[in-house]
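Q: For reference, this is query20.pdb, and it has PDB, C-alpha atoms.
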```
ATOM      1  CA  MET A 743       7.713 -14.171   2.575
ATOM      2  CA  PHE A 744       6.325 -11.228   4.536
ATOM      3  CA  VAL A 745       2.756 -10.114   3.800
ATOM      4  CA  VAL A 746       1.432  -6.617   4.482
ATOM      5  CA  CYS A 747      -2.295  -5.866   4.251
ATOM      6  CA  VAL A 748      -3.431  -2.272   4.513
ATOM      7  CA  GLU A 749      -7.002  -0.996   4.516
ATOM      8  CA  PHE A 750      -7.728   2.666   3.850
ATOM      9  CA  GLU A 751     -10.945   4.622   4.237
ATOM     10  CA  ILE A 752     -10.568   7.759   2.149
ATOM     11  CA  VAL A 753     -12.355  11.079   2.579
ATOM     12  CA  PRO A 754     -14.872  10.984  -0.314
ATOM     13  CA  GLU A 755     -13.685  14.171  -2.004
ATOM     14  CA  PHE A 756     -10.169  12.689  -2.333
ATOM     15  CA  VAL A 757     -11.009   9.247  -3.762
ATOM     16  CA  GLU A 758      -9.740   9.934  -7.292
ATOM     17  CA  SER A 759      -6.593  11.680  -6.058
ATOM     18  CA  PHE A 760      -5.860   8.830  -3.669
ATOM     19  CA  ARG A 761      -6.411   6.261  -6.409
ATOM     20  CA  THR A 762      -3.849   7.972  -8.659
ATOM     21  CA  THR A 763      -1.369   8.416  -5.814
ATOM     22  CA  VAL A 764      -1.590   4.858  -4.465
ATOM     23  CA  LEU A 765      -1.222   3.351  -7.949
ATOM     24  CA  LYS A 766       1.955   5.398  -8.399
ATOM     25  CA  GLN A 767       3.173   4.181  -5.001
ATOM     26  CA  ALA A 768       2.592   0.567  -6.036
ATOM     27  CA  SER A 769       4.493   1.090  -9.281
ATOM     28  CA  ASN A 770       7.399   2.825  -7.533
ATOM     29  CA  SER A 771       7.636   0.113  -4.887
ATOM     30  CA  LEU A 772       7.873  -2.624  -7.505
ATOM     31  CA  LYS A 773      10.285  -0.616  -9.662
ATOM     32  CA  PHE A 774      12.718   0.590  -6.983
ATOM     33  CA  GLU A 775      12.588  -2.184  -4.369
ATOM     34  CA  PRO A 776      13.934  -5.558  -5.525
ATOM     35  CA  ALA A 777      12.607  -7.220  -2.355
ATOM     36  CA  CYS A 778       9.038  -6.026  -3.024
ATOM     37  CA  GLN A 779       7.538  -8.956  -4.908
ATOM     38  CA  ARG A 780       3.915  -7.859  -5.167
ATOM     39  CA  PHE A 781       1.899  -4.705  -4.559
ATOM     40  CA  ASP A 782      -1.790  -5.089  -5.345
ATOM     41  CA  VAL A 783      -4.214  -2.191  -5.020
ATOM     42  CA  SER A 784      -7.943  -2.935  -4.793
ATOM     43  CA  GLN A 785     -10.927  -0.611  -4.488
ATOM     44  CA  ASP A 786     -14.158  -1.741  -2.838
ATOM     45  CA  ALA A 787     -16.815  -2.430  -5.486
ATOM     46  CA  GLU A 788     -19.608  -1.185  -3.206
ATOM     47  CA  ASN A 789     -17.863   1.704  -1.444
ATOM     48  CA  SER A 790     -15.328   3.557  -3.605
ATOM     49  CA  SER A 791     -13.851   5.238  -0.512
ATOM     50  CA  ARG A 792     -12.361   1.934   0.662
ATOM     51  CA  PHE A 793      -9.057   0.593  -0.627
ATOM     52  CA  PHE A 794      -7.141  -2.576   0.183
ATOM     53  CA  LEU A 795      -3.421  -3.105  -0.425
ATOM     54  CA  TYR A 796      -1.769  -6.516  -0.524
ATOM     55  CA  GLU A 797       2.015  -6.263  -0.444
ATOM     56  CA  LEU A 798       4.512  -9.108  -0.503
ATOM     57  CA  TYR A 799       8.149  -8.673   0.550
ATOM     58  CA  ASP A 800      11.066 -11.076   0.858
ATOM     59  CA  ASP A 801      11.118 -10.546   4.619
ATOM     60  CA  ALA A 802      10.278  -8.088   7.410
ATOM     61  CA  ALA A 803      13.558  -6.219   6.816
ATOM     62  CA  ALA A 804      12.489  -5.538   3.221
ATOM     63  CA  PHE A 805       9.246  -3.997   4.490
ATOM     64  CA  ALA A 806      11.202  -1.928   7.013
ATOM     65  CA  PHE A 807      13.370  -0.700   4.127
ATOM     66  CA  HIS A 808      10.227   0.112   2.107
ATOM     67  CA  ARG A 809       9.162   2.504   4.849
ATOM     68  CA  THR A 810      12.443   4.441   4.555
ATOM     69  CA  THR A 811      12.317   5.056   0.800
ATOM     70  CA  PRO A 812      11.783   8.510  -0.705
ATOM     71  CA  HIS A 813       8.700   7.337  -2.615
ATOM     72  CA  PHE A 814       7.127   6.053   0.608
ATOM     73  CA  ALA A 815       7.827   9.386   2.345
ATOM     74  CA  GLN A 816       6.294  11.262  -0.582
ATOM     75  CA  PHE A 817       3.233   8.981  -0.645
ATOM     76  CA  SER A 818       2.696   9.410   3.097
ATOM     77  CA  ALA A 819       2.937  13.190   2.843
ATOM     78  CA  ASP A 820       0.632  13.317  -0.181
ATOM     79  CA  VAL A 821      -2.168  11.221   1.336
ATOM     80  CA  THR A 822      -2.212  12.505   4.926
ATOM     81  CA  LYS A 823      -5.232  14.763   4.390
ATOM     82  CA  MET A 824      -6.987  12.152   2.228
ATOM     83  CA  VAL A 825      -7.078   9.326   4.771
ATOM     84  CA  ALA A 826     -10.038   9.054   7.160
ATOM     85  CA  SER A 827      -8.712   5.792   8.660
ATOM     86  CA  LYS A 828      -6.033   3.204   8.056
ATOM     87  CA  SER A 829      -5.322  -0.257   9.399
ATOM     88  CA  LEU A 830      -2.200  -2.323   8.767
ATOM     89  CA  LYS A 831      -1.666  -6.007   9.504
ATOM     90  CA  THR A 832       1.281  -8.243   8.736
ATOM     91  CA  TYR A 833       1.471 -11.979   8.146
ATOM     92  CA  GLU A 834       3.924 -14.709   7.252
ATOM     93  CA  LEU A 835       3.062 -16.355   3.939
ATOM     94  CA  LEU A 836       2.769 -20.096   4.503
ATOM     95  CA  SER A 837       1.647 -21.188   1.061
ATOM     96  CA  ALA A 838       0.943 -19.735  -2.368
ATOM     97  CA  ILE A 839      -0.881 -21.545  -5.119
TER      98      ILE A 839
END
```
Would you write the structure of this file as structure tokens?
A:
Amino acid sequence: MFVVCVEFEIVPEFVESFRTTVLKQASNSLKFEPACQRFDVSQDAENSSRFFLYELYDDAAAFAFHRTTPHFAQFSADVTKMVASKSLKTYELLSAI
């Protein structure tokens, strides 16, 4: 399995809009992408401007496909002005309990 972890720092005035938009993105990814197995969205308990996404795909090709979908393009366009910073890291899942 292919793991994607994304951290976002959101411009404070856009926190609620980003929250709504990223939750829709998670739902769309799970609904329209059979190879997307998990899409968790977390918000920092101490700093509401920070979000963490944990995404699980069948393989790297499934994540590459994810980035070509219409809902991903729409999400990216919608959040461009909201994002102060973003970091993305990928991993290979070795074990799940």
Q: Which residue gives the smallest distance to Ser769 of chain A among A:Phe814, A:Phe807, A:Phe793, A:Phe750, with only C-alpha atoms counted?
A: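 Distance minimum relative to Ser769 of chain A lands on A:Phe814.
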Q: So which residues touch Ala768 of chain A within 12 Å, counting all atoms listed in the file, skipping near sequence neighbours fewer than 3 positions away, as a PDB file with C-alpha atoms, in the frame of the given file?
A:
```
ATOM      1  CA  ARG A 761      -6.411   6.261  -6.409  1.00  0.00           C
ATOM      2  CA  THR A 762      -3.849   7.972  -8.659  1.00  0.00           C
ATOM      3  CA  THR A 763      -1.369   8.416  -5.814  1.00  0.00           C
ATOM      4  CA  VAL A 764      -1.590   4.858  -4.465  1.00  0.00           C
ATOM      5  CA  LEU A 765      -1.222   3.351  -7.949  1.00  0.00           C
ATOM      6  CA  SER A 771       7.636   0.113  -4.887  1.00  0.00           C
ATOM      7  CA  LEU A 772       7.873  -2.624  -7.505  1.00  0.00           C
ATOM      8  CA  LYS A 773      10.285  -0.616  -9.662  1.00  0.00           C
ATOM      9  CA  PHE A 774      12.718   0.590  -6.983  1.00  0.00           C
ATOM     10  CA  GLU A 775      12.588  -2.184  -4.369  1.00  0.00           C
ATOM     11  CA  CYS A 778       9.038  -6.026  -3.024  1.00  0.00           C
ATOM     12  CA  GLN A 779       7.538  -8.956  -4.908  1.00  0.00           C
ATOM     13  CA  ARG A 780       3.915  -7.859  -5.167  1.00  0.00           C
ATOM     14  CA  PHE A 781       1.899  -4.705  -4.559  1.00  0.00           C
ATOM     15  CA  ASP A 782      -1.790  -5.089  -5.345  1.00  0.00           C
ATOM     16  CA  VAL A 783      -4.214  -2.191  -5.020  1.00  0.00           C
ATOM     17  CA  SER A 784      -7.943  -2.935  -4.793  1.00  0.00           C
ATOM     18  CA  PHE A 794      -7.141  -2.576   0.183  1.00  0.00           C
ATOM     19  CA  LEU A 795      -3.421  -3.105  -0.425  1.00  0.00           C
ATOM     20  CA  TYR A 796      -1.769  -6.516  -0.524  1.00  0.00           C
ATOM     21  CA  GLU A 797       2.015  -6.263  -0.444  1.00  0.00           C
ATOM     22  CA  LEU A 798       4.512  -9.108  -0.503  1.00  0.00           C
ATOM     23  CA  HIS A 808      10.227   0.112   2.107  1.00  0.00           C
ATOM     24  CA  HIS A 813       8.700   7.337  -2.615  1.00  0.00           C
ATOM     25  CA  PHE A 814       7.127   6.053   0.608  1.00  0.00           C
ATOM     26  CA  PHE A 817       3.233   8.981  -0.645  1.00  0.00           C
TER      27      PHE A 817
END
```
Q: Hey, what comes out of the PyMOL selection byres ((chain A and resi 819-828) around 6) on this file? Could you write it as a compact mmCIF listing (two decimals) with C-alpha atoms, keeping the file's coordinate frame?
A:
```txt
# COMPACT_ATOMS: atom_id res chain seq x y z
CA GLU A 749 -7.00 -1.00 4.52
CA PHE A 750 -7.73 2.67 3.85
CA GLU A 751 -10.94 4.62 4.24
CA ILE A 752 -10.57 7.76 2.15
CA VAL A 753 -12.36 11.08 2.58
CA PHE A 756 -10.17 12.69 -2.33
CA GLN A 816 6.29 11.26 -0.58
CA PHE A 817 3.23 8.98 -0.64
CA SER A 818 2.70 9.41 3.10
CA SER A 829 -5.32 -0.26 9.40
```
Q: Quick one: residues within 7 Å of Tyr799 of chain A, all atoms listed in the file counted, chain neighbours fewer than 6 positions away excluded, as number ranges by chain?
A: A: 743-745, 777-779, 805
Q: Could you please determine the separation between atom CA of Ala803 of chain A and atom CA of Gln767 of chain A in Å, to one decimal place?
A: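 One can read the atom CA of Ala803 of chain A to atom CA of Gln767 of chain A distance as 18.9 Å.
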Q: Given the choices A:Ala804, A:Thr832, A:Pro812, A:Ser791, which gets closest to Glu758 of chain A if the distance is worked out from all atoms listed in the file?
A: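 Looking only at the distances to Glu758 of chain A, the closest residue turns out to be A:Ser791.
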Q: Tell me which of A:Ala787, A:Cys747, A:Ala815, A:Leu835 sits closest to Asp800 of chain A, counting all atoms listed in the file.
A: A:Leu835
Q: Would you compute the distance between atom CA of Val746 of chain A and atom CA of Lys766 of chain A? Give it in Å to one decimal.
A: 17.6 Å
Q: Could you write out as JSON the box around segment 793-807 of chain A (axis-aligned, all atoms listed in the file, 3 Å on each side), with centre and edge lengths in Å to one decimal?
A:
```
{"center_x": 2.3, "center_y": -5.2, "center_z": 3.4, "size_x": 28.6, "size_y": 17.7, "size_z": 14.0}
```
Q: What is the atom CA of Asp801 of chain A-atom CA of Lys831 of chain A distance in Å, reported with one decimal?
A: 14.4 Å
Q: Measuring atom to atom with all atoms listed in the file, identify which of A:Pro776, A:Asn770, A:Asn789, A:Tyr833 is nearest to Ala802 of chain A.
A: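 Under the stated criterion, the closest residue is A:Tyr833.
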Q: My structure is short of atoms at segment 805-826 of chain A; please model N, CA and C atoms there, returning them as a compact mmCIF listing (two decimals), keeping the file's coordinate frame.
A:
```txt
# COMPACT_ATOMS: atom_id res chain seq x y z
N PHE A 805 10.35 -4.92 4.22
CA PHE A 805 9.25 -4.00 4.49
C PHE A 805 9.75 -2.80 5.29
N ALA A 806 10.63 -3.04 6.24
CA ALA A 806 11.20 -1.93 7.01
C ALA A 806 11.95 -0.98 6.08
N PHE A 807 12.68 -1.53 5.11
CA PHE A 807 13.37 -0.70 4.13
C PHE A 807 12.37 0.10 3.30
N HIS A 808 11.29 -0.55 2.88
CA HIS A 808 10.23 0.11 2.11
C HIS A 808 9.79 1.41 2.79
N ARG A 809 9.66 1.35 4.10
CA ARG A 809 9.16 2.50 4.85
C ARG A 809 10.19 3.63 4.98
N THR A 810 11.41 3.40 4.52
CA THR A 810 12.44 4.44 4.56
C THR A 810 12.70 5.06 3.19
N THR A 811 12.03 4.59 2.16
CA THR A 811 12.32 5.06 0.80
C THR A 811 11.72 6.44 0.55
N PRO A 812 12.32 7.19 -0.36
CA PRO A 812 11.78 8.51 -0.70
C PRO A 812 10.36 8.45 -1.27
N HIS A 813 10.06 7.41 -2.06
CA HIS A 813 8.70 7.34 -2.62
C HIS A 813 7.67 7.04 -1.53
N PHE A 814 8.05 6.28 -0.51
CA PHE A 814 7.13 6.05 0.61
C PHE A 814 6.89 7.35 1.38
N ALA A 815 7.96 8.10 1.63
CA ALA A 815 7.83 9.39 2.35
C ALA A 815 6.93 10.34 1.57
N GLN A 816 7.11 10.38 0.25
CA GLN A 816 6.29 11.26 -0.58
C GLN A 816 4.83 10.82 -0.57
N PHE A 817 4.60 9.51 -0.70
CA PHE A 817 3.23 8.98 -0.64
C PHE A 817 2.56 9.35 0.68
N SER A 818 3.26 9.11 1.77
CA SER A 818 2.70 9.41 3.10
C SER A 818 2.33 10.88 3.23
N ALA A 819 3.21 11.75 2.77
CA ALA A 819 2.94 13.19 2.84
C ALA A 819 1.76 13.57 1.96
N ASP A 820 1.69 12.97 0.77
CA ASP A 820 0.63 13.32 -0.18
C ASP A 820 -0.76 12.87 0.28
N VAL A 821 -0.84 11.76 1.01
CA VAL A 821 -2.17 11.22 1.34
C VAL A 821 -2.64 11.57 2.74
N THR A 822 -1.84 12.22 3.53
CA THR A 822 -2.21 12.50 4.93
C THR A 822 -3.60 13.09 5.04
N LYS A 823 -3.92 14.11 4.28
CA LYS A 823 -5.23 14.76 4.39
C LYS A 823 -6.35 13.95 3.73
N MET A 824 -5.99 12.95 2.94
CA MET A 824 -6.99 12.15 2.23
C MET A 824 -7.53 11.00 3.06
N VAL A 825 -6.77 10.55 4.04
CA VAL A 825 -7.08 9.33 4.77
C VAL A 825 -7.97 9.61 5.99
N ALA A 826 -9.15 8.98 6.00
CA ALA A 826 -10.04 9.05 7.16
C ALA A 826 -9.62 8.03 8.21
```
